[in-house]
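Asks: Dumping the structure here so I can ask a few things about it.
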Amino acid sequence: MKQPVLTIVVPCYNEEEVLPTTIDCLHKLLMIMIAEEQVSSESNLLFVDDGSKDLTWSIIHKRSLTDTHIRGLKLSRNVGHQNALLAGLFTAKDTSDCVLSIDADLQDDIQVIPTFVDRFKKGHDIVYGVRKKRDCDTFFKRSSAELFYKLMNKMGVNLVYNHADFRLMSKRALQELEKFEEVNMFLRGIVPLIGYKSTSVYYDRKERLAGETKYPLKKMLYFAFDGITSFSVTPIRFVLITGLVSFFVSLLFGIYFFSLKFIGETETGWTSLITSIWLIGGLQLIGIGLIGEYIGKIYKESKRRPKYTVEIDSKTFTQPLPLKNTQRVKDESYNLNLRKLPETN
Ligand code: UDP
Ligand code: MG
């Protein structure tokens, strides 16, 4: 039986510290899977450099020259994790039967990758990696992530609980994914919408091998807010309901104050007046802000801008550099100084 061609896509942003180890580990795993005839020998690793400012691309480039199982994609600038991932998935789709995505820091357990492929062979188009426990994450990261999943589910967005972007997708699932033309791609929300047969594989999440998180609090909040507003109109509805409630409450207060006036017990009223001005003013601002957020999204969608631009694809190098000279090569066209590279082989 012909084995499936697997591509493992790894988005990388300033990952020079961890990347040599990541490449080694994934490469070793892929070689074992090929040797054991779990996947085809045409399978490979695709590293997407998301506009890194460090030696990330040099490392990928160097390894892609010496190994046919390693391919690199350099994006012209930093477009964010989701878009970098899409660049990899859509590039890999044409040459693979199934594509697996994993973060460069190897927090997700690569030992379960053969199980992913197994499930794919059993007829699942999408296999989600789900974390059993998140002991290694900080308390704050863990609880904020859990709150996020719960909030999304309450708002009617069907997310797989504790699943990040460690997943395998078949070629036809990726072809369907490509039909979603929206600019604000929140993959964890969109992939379940494809609807093909899916399953989950459970694993323990580890600590980052090296380097630091590329998702500081500010980026994480943006990501969560983007996820919510890309998928759900509940916040707008919430504003509408709050507006209606405050309108009826103010009517009741109106009746109350009028009756006081008729009885003759008028209040000086400054406190209640100023409080309500602030309250209503605040509510209006929140409302306008939220609506603005959605209009902003419509504005971005209407422009249909490309989500990423590929600057270099290592597959298109027609003349690989002579291996012996690799150490001394200063590749001027790509502004690479390979002498600076740490030894990985
Ligand atoms: N990443 C990326 N572009 C970015 C930010 C992150 O490609 O703008 C990659 C990063 O290199 C890593 C993955 O996305 O492979 C997840 O990032 P990280 O591990 O820092 O996130 P965390 O696990 O802390 O949420
Ligand atoms: Mg990570």
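The chains in the structure tokens are called A, B, ... from first to last as shown; in each chain the residues are counted from 1, and the ligands are counted from 1 in the order shown.
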Quick one: residues within 8 Å of stretch 97-99 of chain A, only C-alpha atoms, excluding same-chain residues fewer than 4 positions away - as a ChimeraX atom specification?
Replies: /A:4-9,89,92-93,120,168-171
Asks: Print the selection's residues with N, CA and C atoms to a file, as an mmCIF file, in the first residue's frame.
Replies:
data_model
loop_
_atom_site.group_PDB
_atom_site.id
_atom_site.type_symbol
_atom_site.label_atom_id
_atom_site.label_comp_id
_atom_site.auth_asym_id
_atom_site.auth_seq_id
_atom_site.Cartn_x
_atom_site.Cartn_y
_atom_site.Cartn_z
ATOM 1 N N PRO A 4 0.982 7.651 2.880
ATOM 2 C CA PRO A 4 0.656 9.058 2.610
ATOM 3 C C PRO A 4 1.878 9.979 2.715
ATOM 4 N N VAL A 5 1.857 11.042 1.922
ATOM 5 C CA VAL A 5 2.915 12.055 2.016
ATOM 6 C C VAL A 5 2.519 13.030 3.125
ATOM 7 N N LEU A 6 3.372 13.123 4.134
ATOM 8 C CA LEU A 6 3.092 14.014 5.265
ATOM 9 C C LEU A 6 4.010 15.224 5.214
ATOM 10 N N THR A 7 3.437 16.423 5.455
ATOM 11 C CA THR A 7 4.290 17.600 5.639
ATOM 12 C C THR A 7 4.018 18.154 7.029
ATOM 13 N N ILE A 8 5.103 18.408 7.761
ATOM 14 C CA ILE A 8 4.959 19.017 9.085
ATOM 15 C C ILE A 8 5.302 20.497 8.953
ATOM 16 N N VAL A 9 4.315 21.357 9.221
ATOM 17 C CA VAL A 9 4.499 22.799 9.059
ATOM 18 C C VAL A 9 4.830 23.441 10.411
ATOM 19 N N LEU A 89 0.482 25.885 5.479
ATOM 20 C CA LEU A 89 -0.537 24.872 5.154
ATOM 21 C C LEU A 89 -0.874 24.889 3.668
ATOM 22 N N ALA A 92 2.004 23.642 1.540
ATOM 23 C CA ALA A 92 2.247 22.200 1.665
ATOM 24 C C ALA A 92 1.138 21.374 1.016
ATOM 25 N N LYS A 93 -0.052 21.935 0.974
ATOM 26 C CA LYS A 93 -1.246 21.214 0.519
ATOM 27 C C LYS A 93 -1.072 20.529 -0.847
ATOM 28 N N PHE A 120 -5.449 9.494 10.693
ATOM 29 C CA PHE A 120 -5.703 9.951 9.316
ATOM 30 C C PHE A 120 -5.920 8.751 8.409
ATOM 31 N N LEU A 168 -3.671 17.870 12.568
ATOM 32 C CA LEU A 168 -3.395 17.312 11.246
ATOM 33 C C LEU A 168 -4.626 17.513 10.380
ATOM 34 N N MET A 169 -4.405 17.900 9.130
ATOM 35 C CA MET A 169 -5.533 18.060 8.208
ATOM 36 C C MET A 169 -5.227 17.347 6.898
ATOM 37 N N SER A 170 -6.276 16.743 6.327
ATOM 38 C CA SER A 170 -6.084 16.054 5.057
ATOM 39 C C SER A 170 -6.062 17.077 3.931
ATOM 40 N N LYS A 171 -5.639 16.620 2.772
ATOM 41 C CA LYS A 171 -5.578 17.501 1.604
ATOM 42 C C LYS A 171 -6.943 18.126 1.321
#
Asks: Report as a tab-separated table: every residue of stretch 75-179 of chain A with an atom at most 8 Å from stretch 297-312 of chain A, its closest pair of atoms, and their distance in Å to one decimal, counting only C-alpha atoms, with rows sorted by chain and ascending residue number.
Replies:
residue	atom	partner	partner_atom	distance
A:Leu75	CA	A:Val310	CA	4.5
A:Ser76	CA	A:Glu311	CA	5.0
A:Arg77	CA	A:Thr309	CA	7.8
A:Val79	CA	A:Tyr308	CA	6.4
A:Asn83	CA	A:Lys307	CA	6.2
A:Ala84	CA	A:Tyr308	CA	7.2
A:Ala87	CA	A:Tyr308	CA	6.7
Asks: Keeping only C-alpha atoms, take the residues you just selected and write them out as a PDB file, in the first residue's frame.
Replies:
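Wrote result29.pdb, looks like this:
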ATOM      1  CA  LEU A  75       7.633  35.554   4.453  1.00  0.00           C
ATOM      2  CA  SER A  76       8.393  39.136   3.485  1.00  0.00           C
ATOM      3  CA  ARG A  77       7.399  40.480   6.934  1.00  0.00           C
ATOM      4  CA  VAL A  79       2.204  38.570   9.628  1.00  0.00           C
ATOM      5  CA  ASN A  83      -1.193  33.815   8.825  1.00  0.00           C
ATOM      6  CA  ALA A  84       2.280  32.249   8.927  1.00  0.00           C
ATOM      7  CA  ALA A  87       1.166  30.226   4.398  1.00  0.00           C
TER       8      ALA A  87
END
Asks: Which residue, A:Glu37, A:Asp49, A:Asp137, A:Asp67, has the smallest gap to A:Asp24 when you use only C-alpha atoms?
Replies: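 Selected residue with least distance to A:Asp24: A:Asp67.
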Asks: How close does chain A get to ligand 2? List, as JSON lines, each residue of chain A within 8 Å, its nearest atom pair and the distance in Å to one decimal, counting only C-alpha atoms and all ligand atoms.
Replies:
{"residue": "A:Asp103", "atom": "CA", "partner": "ligand 2", "partner_atom_place_in_ligand_line": "1 (Mg)", "distance": 6.3}
{"residue": "A:Ala104", "atom": "CA", "partner": "ligand 2", "partner_atom_place_in_ligand_line": "1 (Mg)", "distance": 7.4}
{"residue": "A:Asp105", "atom": "CA", "partner": "ligand 2", "partner_atom_place_in_ligand_line": "1 (Mg)", "distance": 5.5}
{"residue": "A:Leu106", "atom": "CA", "partner": "ligand 2", "partner_atom_place_in_ligand_line": "1 (Mg)", "distance": 7.3}
{"residue": "A:Gln107", "atom": "CA", "partner": "ligand 2", "partner_atom_place_in_ligand_line": "1 (Mg)", "distance": 5.7}
{"residue": "A:Glu207", "atom": "CA", "partner": "ligand 2", "partner_atom_place_in_ligand_line": "1 (Mg)", "distance": 7.9}
{"residue": "A:Arg208", "atom": "CA", "partner": "ligand 2", "partner_atom_place_in_ligand_line": "1 (Mg)", "distance": 5.9}
{"residue": "A:Thr213", "atom": "CA", "partner": "ligand 2", "partner_atom_place_in_ligand_line": "1 (Mg)", "distance": 5.9}
{"residue": "A:Lys214", "atom": "CA", "partner": "ligand 2", "partner_atom_place_in_ligand_line": "1 (Mg)", "distance": 7.5}
Asks: When you draw a straight line from atom CA of A:Arg119 to atom CA of A:Tyr196, how long is it in Å?
Replies: 13.3 Å
Asks: In terms of the shortest atom-to-atom distance over only C-alpha atoms, which of A:Asp125, A:Gly189, A:Leu85, A:Phe223 is closest to A:Ala145?
Replies: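 Closest residue, counting only C-alpha atoms: A:Phe223.
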